[in-house]
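A.B. asks: I'd like to ask you about the structure that follows.
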Amino acid sequence: MSGSPSASRRTVLRGAALTPVAGLGLAACSGGSGGGAPATPTAPVVLGAGSEVSRGGAQLYQDQNVVVSRAEDGSLKAFSSICTHAGCAINKLRGTTLVCPCHGSEFDAKTGKVLRAPATVPLHGLSVEEKDGKIVAGPGA
Ligand code: FES
């Protein structure tokens, strides 16, 4: 047993990398086709087949910036999918929850209500009807 020179004790901190959450760029806010802020329909627009929106479900129509949900009784509701926080076009629908890509606000597609800050104002309601099996949404409900 030789007195072994103890290796200097080194405290190795591994793994605890301070990696900031990446990929949360805000560039998406300036998107839109053809410039200008994203907008919701100013005239009635056909979104798609009524069968696309199941009872208790919702569908996001990104091109038109509209989200449509259907209650269990079959009635439809439509809202603008422009975030009320800073005007980003919402591009994600998880079940019936809309998630804004810019700062993470969440909205209920069935009621338009805010589920998660920073947004505080509910989504703007639109008129919606089912015509010949198609969903037609229009300006202000
Ligand atoms: S613009 Fe949607 S959370 Fe800020």
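Every chain in the structure tokens takes a letter, A first, then B, and so on in the order presented; its residues are numbered from 1, and the ligands are numbered from 1 following the presented order.
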List all protein, DNA and RNA residues that have any atom at most 12 Å from ligand 1, counting only C-alpha atoms and all ligand atoms, and write the list as a PyMOL selection string.
C.D. replies: chain A and resi 24-30+37-38+81-92+98-107+114-123
A.B. asks: Please dump the current selection as a short mmCIF file (atom, residue, chain, number, x, y, z; two decimals), in the first residue's frame; keep N, CA and C atoms.
C.D. replies:
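In the end it all went to selection-v3.cif:
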data_model
loop_
_atom_site.label_atom_id
_atom_site.label_comp_id
_atom_site.auth_asym_id
_atom_site.auth_seq_id
_atom_site.Cartn_x
_atom_site.Cartn_y
_atom_site.Cartn_z
N LEU A 24 -36.81 30.51 -30.49
CA LEU A 24 -38.01 31.30 -30.22
C LEU A 24 -37.91 32.67 -30.87
N GLY A 25 -37.36 32.69 -32.02
CA GLY A 25 -37.22 33.95 -32.72
C GLY A 25 -38.57 34.59 -32.94
N LEU A 26 -38.54 35.86 -33.08
CA LEU A 26 -39.81 36.57 -33.26
C LEU A 26 -40.06 36.95 -34.70
N ALA A 27 -39.23 36.40 -35.56
CA ALA A 27 -39.33 36.78 -36.96
C ALA A 27 -40.70 36.47 -37.55
N ALA A 28 -41.36 35.48 -36.97
CA ALA A 28 -42.64 35.06 -37.53
C ALA A 28 -43.65 36.19 -37.54
N CYS A 29 -43.45 37.14 -36.67
CA CYS A 29 -44.42 38.21 -36.55
C CYS A 29 -44.54 39.05 -37.81
N SER A 30 -43.45 39.10 -38.56
CA SER A 30 -43.49 39.98 -39.71
C SER A 30 -43.95 39.27 -40.97
N ALA A 37 -49.99 43.69 -42.31
CA ALA A 37 -50.35 42.86 -41.18
C ALA A 37 -51.34 41.78 -41.62
N PRO A 38 -51.26 40.62 -41.00
CA PRO A 38 -52.23 39.59 -41.33
C PRO A 38 -53.63 40.06 -40.98
N SER A 81 -57.94 34.27 -36.06
CA SER A 81 -56.78 33.62 -35.42
C SER A 81 -55.59 34.57 -35.38
N ILE A 82 -55.89 35.85 -35.43
CA ILE A 82 -54.84 36.85 -35.22
C ILE A 82 -54.76 37.10 -33.72
N CYS A 83 -53.57 36.89 -33.20
CA CYS A 83 -53.37 37.02 -31.75
C CYS A 83 -53.68 38.44 -31.30
N THR A 84 -54.42 38.55 -30.20
CA THR A 84 -54.80 39.87 -29.70
C THR A 84 -53.67 40.53 -28.90
N HIS A 85 -52.58 39.83 -28.73
CA HIS A 85 -51.47 40.42 -27.98
C HIS A 85 -50.70 41.41 -28.84
N ALA A 86 -50.10 40.92 -29.92
CA ALA A 86 -49.33 41.83 -30.77
C ALA A 86 -49.59 41.58 -32.25
N GLY A 87 -50.66 40.86 -32.54
CA GLY A 87 -51.07 40.75 -33.93
C GLY A 87 -50.42 39.67 -34.76
N CYS A 88 -49.78 38.70 -34.15
CA CYS A 88 -49.21 37.61 -34.93
C CYS A 88 -50.33 36.69 -35.43
N ALA A 89 -50.07 36.07 -36.56
CA ALA A 89 -51.01 35.06 -37.07
C ALA A 89 -50.72 33.76 -36.35
N ILE A 90 -51.72 33.24 -35.69
CA ILE A 90 -51.54 31.98 -34.95
C ILE A 90 -51.48 30.83 -35.95
N ASN A 91 -50.49 29.97 -35.76
CA ASN A 91 -50.29 28.91 -36.74
C ASN A 91 -50.36 27.52 -36.14
N LYS A 92 -50.81 27.44 -34.91
CA LYS A 92 -50.82 26.12 -34.28
C LYS A 92 -52.12 25.90 -33.52
N LEU A 98 -55.48 27.13 -29.35
CA LEU A 98 -54.63 27.84 -30.29
C LEU A 98 -53.39 28.33 -29.56
N VAL A 99 -52.24 28.16 -30.20
CA VAL A 99 -50.99 28.58 -29.58
C VAL A 99 -50.30 29.60 -30.47
N CYS A 100 -50.08 30.79 -29.94
CA CYS A 100 -49.41 31.83 -30.72
C CYS A 100 -47.91 31.58 -30.77
N PRO A 101 -47.33 31.67 -31.97
CA PRO A 101 -45.90 31.40 -32.11
C PRO A 101 -45.01 32.51 -31.56
N CYS A 102 -45.58 33.68 -31.35
CA CYS A 102 -44.72 34.81 -31.00
C CYS A 102 -44.34 34.85 -29.53
N HIS A 103 -45.31 34.83 -28.64
CA HIS A 103 -44.98 34.91 -27.22
C HIS A 103 -45.72 33.86 -26.40
N GLY A 104 -46.32 32.89 -27.09
CA GLY A 104 -46.88 31.74 -26.38
C GLY A 104 -48.27 31.90 -25.80
N SER A 105 -48.97 32.93 -26.17
CA SER A 105 -50.35 33.04 -25.69
C SER A 105 -51.18 31.87 -26.21
N GLU A 106 -52.15 31.47 -25.41
CA GLU A 106 -53.03 30.39 -25.84
C GLU A 106 -54.48 30.82 -25.71
N PHE A 107 -55.27 30.35 -26.66
CA PHE A 107 -56.68 30.72 -26.71
C PHE A 107 -57.53 29.46 -26.88
N VAL A 114 -58.88 33.77 -23.64
CA VAL A 114 -57.44 33.60 -23.37
C VAL A 114 -57.25 32.50 -22.34
N LEU A 115 -56.37 31.55 -22.66
CA LEU A 115 -56.05 30.49 -21.71
C LEU A 115 -54.68 30.74 -21.08
N ARG A 116 -53.89 31.54 -21.77
CA ARG A 116 -52.54 31.77 -21.27
C ARG A 116 -52.04 33.14 -21.72
N ALA A 117 -51.48 33.89 -20.78
CA ALA A 117 -50.92 35.21 -21.09
C ALA A 117 -49.70 35.04 -21.99
N PRO A 118 -49.18 36.08 -22.58
CA PRO A 118 -49.42 37.49 -22.26
C PRO A 118 -50.71 38.10 -22.83
N ALA A 119 -51.36 37.45 -23.75
CA ALA A 119 -52.60 38.06 -24.27
C ALA A 119 -53.62 38.16 -23.14
N THR A 120 -54.43 39.19 -23.19
CA THR A 120 -55.48 39.35 -22.19
C THR A 120 -56.85 39.52 -22.83
N VAL A 121 -56.85 39.83 -24.11
CA VAL A 121 -58.11 40.09 -24.80
C VAL A 121 -58.51 38.87 -25.61
N PRO A 122 -59.77 38.45 -25.52
CA PRO A 122 -60.21 37.27 -26.28
C PRO A 122 -60.10 37.48 -27.78
N LEU A 123 -60.09 36.38 -28.51
CA LEU A 123 -60.05 36.46 -29.96
C LEU A 123 -61.30 37.14 -30.48
#
A.B. asks: Which polymer residues have any atom within 10 Å of an atom of Ala78 (chain A), counting only C-alpha atoms, with same-chain residues fewer than 3 positions away left out, as a ChimeraX atom specification?
C.D. replies: /A:58-60,66-70,81,109-112,123-129,135-141
A.B. asks: Please, what distance in Å, to one decimal, runs between CA of Glu72 (chain A) and CA of Arg94 (chain A)?
C.D. replies: 18.0 Å
A.B. asks: As an exercise, work out the distance from CA of Gly74 (chain A) to CA of Gly48 (chain A) in Å and give it to one decimal place.
C.D. replies: 16.1 Å
A.B. asks: Any idea what the distance is between CA of Thr97 (chain A) and CA of Ala39 (chain A)?
C.D. replies: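 Separation of CA of Thr97 (chain A) and CA of Ala39 (chain A): 20.1 Å.
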